[in-house]
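First comes the structure, then the notes that go with it.
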Amino acid sequence: MSPFLFILAAEGLAGLIHNVVSSHCFLPFSINDDLHISLLRFADDTMIFGTPSWENIGTLKALLRGFELCSGLSVNFSKSKILGFNMEMDFLQAASDFLFCAINPFPFHFLGISIGCNPRRKSAWSLITSKLRNRLALWKGKYLSLGGRVNSLNSVLNAISLFTFSFYKAPKMVIQEIISIQRAFLWNGHETRKRIN
């Protein structure tokens, strides 16, 4: 029941943000004249977008405090982060101190996707390749039959990289590295060994 109760409470936060945006007390982030973003949510993750101004910062703090008083929930500011695009560092630091949350550097990871990175660089894909290697180390694939390895590749290993592929186009060297990891696991059961069992 608790996830459903949380969703009901989070809908109240969405309603509060919608009200302050529609009353022009909070200016959302504008992509163009027709598209404005003020809130994105996924499960228990919430991202609030706005233009960098002290009016917005003050409204946001009052809104979050009002939400705490109405819902009985409390915002965990030690886990909350503030991010800024093309902003002066002094303003960002002052806003961070006012909201009691840390500044999140770029790039950062959200829902397993690296945000603010250059996907054409190999370093942007290090999270994916390390996840694949970690899964192989945990599975001890050398104890699986060939059919078990095929099933593991199809159901789990491919899904790890496909989620990121739906957002970014991987460079050729990254695709070759992923194929190499999967090939070694399929024929061998372990990514570091090169002979067939």
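By order in the structure tokens, chains are A, B, ...; within a chain, residues start at 1; ligands start at 1, following the order shown.
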With only C-alpha atoms as the counted atoms, please give the residues lying no more than 7 Å from segment 91-104 of chain A, apart from itself and same-chain residues fewer than 3 positions off, as a short mmCIF file (atom, residue, chain, number, x, y, z; two decimals) with N, CA, C and O atoms, in the first residue's frame.
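Output saved as out_39.cif:
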```
data_model
loop_
_atom_site.label_atom_id
_atom_site.label_comp_id
_atom_site.auth_asym_id
_atom_site.auth_seq_id
_atom_site.Cartn_x
_atom_site.Cartn_y
_atom_site.Cartn_z
N ILE A 57 13.56 30.61 -6.51
CA ILE A 57 14.17 29.88 -5.40
C ILE A 57 13.32 30.04 -4.14
O ILE A 57 13.03 29.08 -3.42
N LYS A 61 11.19 27.00 -2.18
CA LYS A 61 11.37 26.63 -0.77
C LYS A 61 10.04 26.70 -0.02
O LYS A 61 9.71 25.82 0.77
N PHE A 77 16.63 16.82 2.16
CA PHE A 77 17.50 17.76 1.46
C PHE A 77 18.94 17.25 1.35
O PHE A 77 19.68 17.69 0.49
N SER A 78 19.32 16.29 2.21
CA SER A 78 20.67 15.73 2.08
C SER A 78 20.80 14.88 0.83
O SER A 78 21.89 14.71 0.30
N SER A 80 18.80 15.64 -1.88
CA SER A 80 18.36 16.52 -2.97
C SER A 80 19.57 17.25 -3.55
O SER A 80 20.52 17.55 -2.84
N LYS A 81 19.49 17.54 -4.84
CA LYS A 81 20.59 18.21 -5.55
C LYS A 81 20.03 19.37 -6.35
O LYS A 81 18.89 19.35 -6.80
N ILE A 82 20.87 20.38 -6.54
CA ILE A 82 20.52 21.50 -7.41
C ILE A 82 21.50 21.51 -8.58
O ILE A 82 22.70 21.27 -8.41
N LEU A 83 20.96 21.72 -9.78
CA LEU A 83 21.78 21.75 -10.99
C LEU A 83 21.50 23.04 -11.74
O LEU A 83 20.39 23.57 -11.67
N GLY A 84 22.51 23.54 -12.44
CA GLY A 84 22.32 24.76 -13.20
C GLY A 84 22.95 24.67 -14.58
O GLY A 84 24.06 24.15 -14.72
N MET A 87 24.76 28.97 -15.67
CA MET A 87 24.52 29.85 -14.54
C MET A 87 25.84 30.22 -13.89
O MET A 87 26.81 29.47 -13.97
N GLU A 88 25.86 31.38 -13.25
CA GLU A 88 27.04 31.78 -12.49
C GLU A 88 27.17 30.91 -11.25
O GLU A 88 26.19 30.59 -10.58
#
```
Need to verify the contact set: segment 150-161 of chain A, 10 Å, only C-alpha atoms, exclusion of same-chain residues closer than 3 positions in sequence. Can you return it as a ChimeraX atom specification? /A:112,125,127-129,131-133,135-136,139,141,144-147,164-166,170,175,178-179,181-183,185-187
Considering only C-alpha atoms, return as a count of residues only whatever protein or nucleic-acid residues lie within 9 Å of segment 13-16 of chain A, sequence-local ones (same chain, fewer than 2 positions apart) excluded. 11
Taking the DSSP secondary structure from the backbone, can you list the residues of chain A that are strand (DSSP E or B), as a PyMOL selection string? chain A and resi 29-30+36-37+39-42+45-48+81-82+102-103+108-110+113-115
Just list as an MDAnalysis selection string whatever in segment 9-186 of chain A DSSP marks as alpha helix (DSSP H). chainID A and resid 9:22 54:71 89:99 126:139 146:152 158:165 172:186
Which residue of A:Gly12, A:Asn134, A:Tyr168, A:Phe4 approaches Cys70 of chain A most closely, using only C-alpha atoms: A:Gly12
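Here atom CA of Asn56 of chain A stands at a distance of 7.5 Å from atom CA of Cys25 of chain A.
Shortest separation to Leu40 of chain A among A:Tyr143, A:Gly148, A:Pro28, A:Phe167 occurs at residue A:Pro28, atoms counted being only C-alpha atoms.
When only C-alpha atoms are used to compute distances to Ile17 of chain A, the closest of the residues A:Ser114, A:Ser74, A:Thr46, A:Ser130 turns out to be A:Thr46.
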Proximity to Arg120 of chain A - best of A:Pro105, A:Val174, A:Phe85, A:Leu69, only C-alpha atoms: A:Val174
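Across the structure, atom CA of Ala124 of chain A and atom CA of Pro107 of chain A are spaced 9.0 Å apart.
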note - atom CA of His24 of chain A and atom CA of Arg65 of chain A are separated by 18.9 Å
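Of the residues listed (A:Glu177, A:Val75, A:Asn188, A:Phe163), A:Val75 shows the shortest atom-to-atom separation from Asp45 of chain A; distances use only C-alpha atoms.
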